[in-house]
Structure formats: structure tokens, C-alpha cells
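**Q** The structure that follows is given in the form of C-alpha cells.
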Amino acid sequence: MSISDATVSRQATPGQAEPAIARATVTVGQVMNLPLDQVLTGLDIRVIESSITDASFAGGVHMGNGQKITVFMPPSRDPFETDCVTRYLIAQALGLDITPLPKPFNVEIVDNTTDLRDAWTRAVSA
């Protein structure tokens, strides 16, 4: 399933133009209420299906070089759940002030830049 296949969609008020979305000015309201395709395109975010099928994995996000955001979602999940978790992870990655998810969700933010750099150094020097 692709994120664009989700039937869950949020629409602008009929007759009104969609507001522009940009990282410098993005709000929680925009991330949560604009059509997801517009959020992804406007903020240059990529969503890919993860190979992780563990039922406890709700999704993950990676912020790479140049602040490029990639969201990883488990395969074969309910489109509504995928939509909601994707939006939440985007808001978290952008550092927006968002209410934490309830249990059983456990959102952990880890900066593994140093670990990745050390692994790369070991790999290329071997």
C-alpha cells in the first residue's frame, strides 16, 4: 500500500484555495488538516513502506542530510492509522509542539548521527 492509496483525505473548504505550506512557517494545524499529499509535497517529505512487519512497529522517521525527512510505515496497515501516524511523525520530526500519543504508542527520539558516522568510518577503513 502506498500512502497516496489511502482513502482517508482531508479537504479544503469548497471554493477556497489550499494555503501554501513551508517548513519555515508550518503549523501543527497544517500538518494535521491539509490533504496529506499536499503536506508531503509542500515539505518535500518521502513516505516509504518499511519491511518491518512487527505489530508493535507503528512507523519511524529519519531526518537525513539537509534535513530531508523520510517516513517509514509498516506494510498492510489500516489507511486511517497510516495517515494519522504519518502526520504525527512529521510533526515530531519538525519539532512542532504536539501532544504525545497515548499508550501503547512509545515515541522515542534518537540522534544516532555519531553512531552512523562511526559505523561509516569503520566500514570505509576496513
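Residues are referred to by chain and number: the chain letter is A, B, ... according to the order shown in the C-alpha cells, the number counts from 1 in that chain, and ligands are numbered separately from 1 in the order shown.
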Report the residues of range 21-69 of chain A whose backbone DSSP state falls under helix (DSSP H, G or I), written as a compact mmCIF listing (two decimals) with N, CA, C and O atoms, in the first residue's frame.
**A**
```txt
# COMPACT_ATOMS: atom_id res chain seq x y z
N VAL A 28 1.14 22.92 13.34
CA VAL A 28 0.53 21.63 13.63
C VAL A 28 -0.79 21.51 12.87
O VAL A 28 -1.10 20.45 12.31
N GLY A 29 -1.56 22.58 12.84
CA GLY A 29 -2.84 22.57 12.14
C GLY A 29 -2.70 22.22 10.68
O GLY A 29 -3.51 21.47 10.12
N GLN A 30 -1.67 22.75 10.01
CA GLN A 30 -1.45 22.42 8.60
C GLN A 30 -1.09 20.95 8.44
O GLN A 30 -1.63 20.27 7.57
N VAL A 31 -0.18 20.46 9.26
CA VAL A 31 0.24 19.06 9.15
C VAL A 31 -0.93 18.12 9.39
O VAL A 31 -1.09 17.12 8.70
N MET A 32 -1.79 18.47 10.33
CA MET A 32 -2.89 17.58 10.69
C MET A 32 -4.13 17.73 9.80
O MET A 32 -4.91 16.79 9.69
N ASN A 33 -4.32 18.88 9.15
CA ASN A 33 -5.58 19.13 8.46
C ASN A 33 -5.51 19.24 6.94
O ASN A 33 -6.52 19.01 6.28
N LEU A 36 -2.91 15.07 2.94
CA LEU A 36 -1.59 14.53 3.21
C LEU A 36 -0.65 14.69 2.01
O LEU A 36 0.52 15.02 2.19
N ASP A 37 -1.15 14.49 0.82
CA ASP A 37 -0.30 14.68 -0.36
C ASP A 37 0.27 16.10 -0.42
O ASP A 37 1.41 16.30 -0.81
N GLN A 38 -0.54 17.09 -0.03
CA GLN A 38 -0.07 18.47 -0.04
C GLN A 38 1.01 18.69 1.02
O GLN A 38 1.99 19.39 0.78
N VAL A 39 0.85 18.08 2.18
CA VAL A 39 1.85 18.19 3.24
C VAL A 39 3.16 17.56 2.77
O VAL A 39 4.23 18.17 2.89
N LEU A 40 3.08 16.37 2.21
CA LEU A 40 4.28 15.67 1.76
C LEU A 40 4.99 16.43 0.66
O LEU A 40 6.22 16.60 0.70
N THR A 41 4.24 16.92 -0.32
CA THR A 41 4.83 17.65 -1.43
C THR A 41 5.39 19.00 -0.98
O THR A 41 6.53 19.35 -1.29
N GLY A 42 4.59 19.74 -0.22
CA GLY A 42 5.00 21.07 0.22
C GLY A 42 6.22 21.07 1.12
O GLY A 42 7.02 22.00 1.09
N ASN A 65 20.65 14.20 5.80
CA ASN A 65 21.41 15.38 5.41
C ASN A 65 20.49 16.43 4.79
O ASN A 65 19.58 16.09 4.05
N GLY A 66 20.74 17.66 5.10
CA GLY A 66 19.92 18.74 4.57
C GLY A 66 18.51 18.73 5.12
O GLY A 66 17.60 19.29 4.53
N GLN A 67 18.32 18.04 6.25
CA GLN A 67 17.02 17.96 6.91
C GLN A 67 15.97 17.26 6.07
O GLN A 67 14.77 17.47 6.23
```
**Q** Mind listing the strand (DSSP E or B) residues of range 9-94 of chain A, per DSSP on the backbone, as a list in words?
**A**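 DSSP on the backbone gives strand (DSSP E or B) at Ile45, Arg46, Val47, Ile48, Glu49, Gly60, Val61, His62, Met63, Ile69, Thr70, Val71, Phe72 and Met73 of chain A.
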**Q** When you look at Phe72 in chain A with a cut-off of 6 Å (counting only C-alpha atoms), what residues show up, excluding the ones that are within fewer than 5 positions of it in the same chain? I need them as a PDB file with all heavy atoms, in the first residue's frame.
**A**
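Ended up saving to part.pdb:
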```pdb
ATOM      1  N   VAL A  47       7.499   9.186   1.930  1.00  0.00           N
ATOM      2  CA  VAL A  47       6.966   8.096   2.744  1.00  0.00           C
ATOM      3  C   VAL A  47       7.216   6.801   1.987  1.00  0.00           C
ATOM      4  O   VAL A  47       6.870   6.689   0.821  1.00  0.00           O
ATOM      5  CB  VAL A  47       5.451   8.264   3.010  1.00  0.00           C
ATOM      6  CG1 VAL A  47       4.919   7.086   3.811  1.00  0.00           C
ATOM      7  CG2 VAL A  47       5.173   9.569   3.734  1.00  0.00           C
ATOM      8  N   ILE A  48       7.836   5.848   2.681  1.00  0.00           N
ATOM      9  CA  ILE A  48       8.081   4.559   2.052  1.00  0.00           C
ATOM     10  C   ILE A  48       7.565   3.447   2.964  1.00  0.00           C
ATOM     11  O   ILE A  48       7.458   3.618   4.169  1.00  0.00           O
ATOM     12  CB  ILE A  48       9.570   4.330   1.706  1.00  0.00           C
ATOM     13  CG1 ILE A  48      10.436   4.331   2.957  1.00  0.00           C
ATOM     14  CG2 ILE A  48      10.054   5.356   0.717  1.00  0.00           C
ATOM     15  CD1 ILE A  48      11.865   3.921   2.685  1.00  0.00           C
ATOM     16  N   GLU A  49       7.238   2.336   2.342  1.00  0.00           N
ATOM     17  CA  GLU A  49       6.781   1.178   3.087  1.00  0.00           C
ATOM     18  C   GLU A  49       7.994   0.441   3.639  1.00  0.00           C
ATOM     19  O   GLU A  49       8.907   0.092   2.903  1.00  0.00           O
ATOM     20  CB  GLU A  49       5.977   0.265   2.163  1.00  0.00           C
ATOM     21  CG  GLU A  49       5.270  -0.840   2.897  1.00  0.00           C
ATOM     22  CD  GLU A  49       4.366  -1.615   1.971  1.00  0.00           C
ATOM     23  OE1 GLU A  49       4.847  -2.601   1.368  1.00  0.00           O
ATOM     24  OE2 GLU A  49       3.190  -1.233   1.846  1.00  0.00           O
ATOM     25  N   SER A  50       7.992   0.222   4.943  1.00  0.00           N
ATOM     26  CA  SER A  50       9.073  -0.480   5.612  1.00  0.00           C
ATOM     27  C   SER A  50       8.892  -1.978   5.441  1.00  0.00           C
ATOM     28  O   SER A  50       7.791  -2.467   5.210  1.00  0.00           O
ATOM     29  CB  SER A  50       9.053  -0.121   7.101  1.00  0.00           C
ATOM     30  OG  SER A  50       9.919  -0.958   7.830  1.00  0.00           O
ATOM     31  N   GLY A  59       5.659   2.866  13.001  1.00  0.00           N
ATOM     32  CA  GLY A  59       6.270   3.710  11.986  1.00  0.00           C
ATOM     33  C   GLY A  59       7.532   4.339  12.529  1.00  0.00           C
ATOM     34  O   GLY A  59       7.824   4.274  13.728  1.00  0.00           O
ATOM     35  N   GLY A  60       8.275   4.958  11.655  1.00  0.00           N
ATOM     36  CA  GLY A  60       9.508   5.628  12.047  1.00  0.00           C
ATOM     37  C   GLY A  60       9.796   6.775  11.110  1.00  0.00           C
ATOM     38  O   GLY A  60       9.205   6.888  10.033  1.00  0.00           O
ATOM     39  N   VAL A  61      10.669   7.635  11.533  1.00  0.00           N
ATOM     40  CA  VAL A  61      11.028   8.784  10.704  1.00  0.00           C
ATOM     41  C   VAL A  61      12.528   8.985  10.776  1.00  0.00           C
ATOM     42  O   VAL A  61      13.154   8.761  11.814  1.00  0.00           O
ATOM     43  CB  VAL A  61      10.260  10.059  11.147  1.00  0.00           C
ATOM     44  CG1 VAL A  61      10.646  10.476  12.547  1.00  0.00           C
ATOM     45  CG2 VAL A  61      10.458  11.196  10.182  1.00  0.00           C
TER      46      VAL A  61
END
```
**Q** Find the residues around Thr27 in chain A up to 9 Å (only C-alpha atoms counted), leave out those fewer than 5 positions away in its own chain, and share them as an NGL selection string.
**A** :A and (21 or 32 or 91 or 96-97)
**Q** Would you save the residues from that selection as a PDB file, in the first residue's frame, using N, CA and C atoms?
**A**
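What follows is the written file again-v3.pdb:
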```
ATOM      1  N   ILE A  21       2.234  25.677   2.118  1.00  0.00           N
ATOM      2  CA  ILE A  21       2.860  25.097   3.303  1.00  0.00           C
ATOM      3  C   ILE A  21       4.367  25.114   3.083  1.00  0.00           C
ATOM      4  N   MET A  32      -1.789  18.470  10.332  1.00  0.00           N
ATOM      5  CA  MET A  32      -2.895  17.584  10.689  1.00  0.00           C
ATOM      6  C   MET A  32      -4.125  17.731   9.803  1.00  0.00           C
ATOM      7  N   ALA A  91       5.112  15.885  12.351  1.00  0.00           N
ATOM      8  CA  ALA A  91       5.090  16.971  13.335  1.00  0.00           C
ATOM      9  C   ALA A  91       6.237  16.817  14.331  1.00  0.00           C
ATOM     10  N   LEU A  96       7.497  20.380  16.058  1.00  0.00           N
ATOM     11  CA  LEU A  96       6.282  21.125  16.380  1.00  0.00           C
ATOM     12  C   LEU A  96       5.755  20.707  17.748  1.00  0.00           C
ATOM     13  N   ASP A  97       5.069  21.619  18.404  1.00  0.00           N
ATOM     14  CA  ASP A  97       4.527  21.357  19.742  1.00  0.00           C
ATOM     15  C   ASP A  97       3.248  20.542  19.597  1.00  0.00           C
TER      16      ASP A  97
END
```
**Q** Hey, which of A:Pro102, A:Leu43, A:Ala20, A:Val71 ends up closest to Asp83 in chain A? Count only C-alpha atoms.
**A**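 Among A:Pro102, A:Leu43, A:Ala20, A:Val71, it is A:Val71 that comes nearest to Asp83 in chain A.
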**Q** Rounded to one decimal in Å, what is the spacing between CA of Ala22 in chain A and CA of Gly64 in chain A?
**A**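 So the answer is 18.0 Å.
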**Q** Just how far from CA of Ile98 in chain A is CA of Ala55 in chain A, in Å to one decimal?
**A**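 Result for CA of Ala55 in chain A versus CA of Ile98 in chain A: 24.3 Å, one decimal.
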**Q** Between CA of Ser51 in chain A and CA of Leu94 in chain A, what distance in Å does the model show, to one decimal?
**A**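 So the answer is 24.3 Å.
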**Q** Would you pick out the contacts of Ile69 in chain A at 7 Å or less, using only C-alpha atoms, so that residues sharing its chain but fewer than 6 positions from it are not included, and give the list as a list in words?
**A**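 What passes the distance filter is Ile45, Arg46, Val61, His62 and Met63 of chain A.
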**Q** So, counting only C-alpha atoms, which residue among A:Thr70, A:Ala24, A:Asp78, A:Tyr88 is closest to Phe105 in chain A?
**A**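 Of A:Thr70, A:Ala24, A:Asp78, A:Tyr88, the one nearest Phe105 in chain A, counting only C-alpha atoms, is A:Tyr88.
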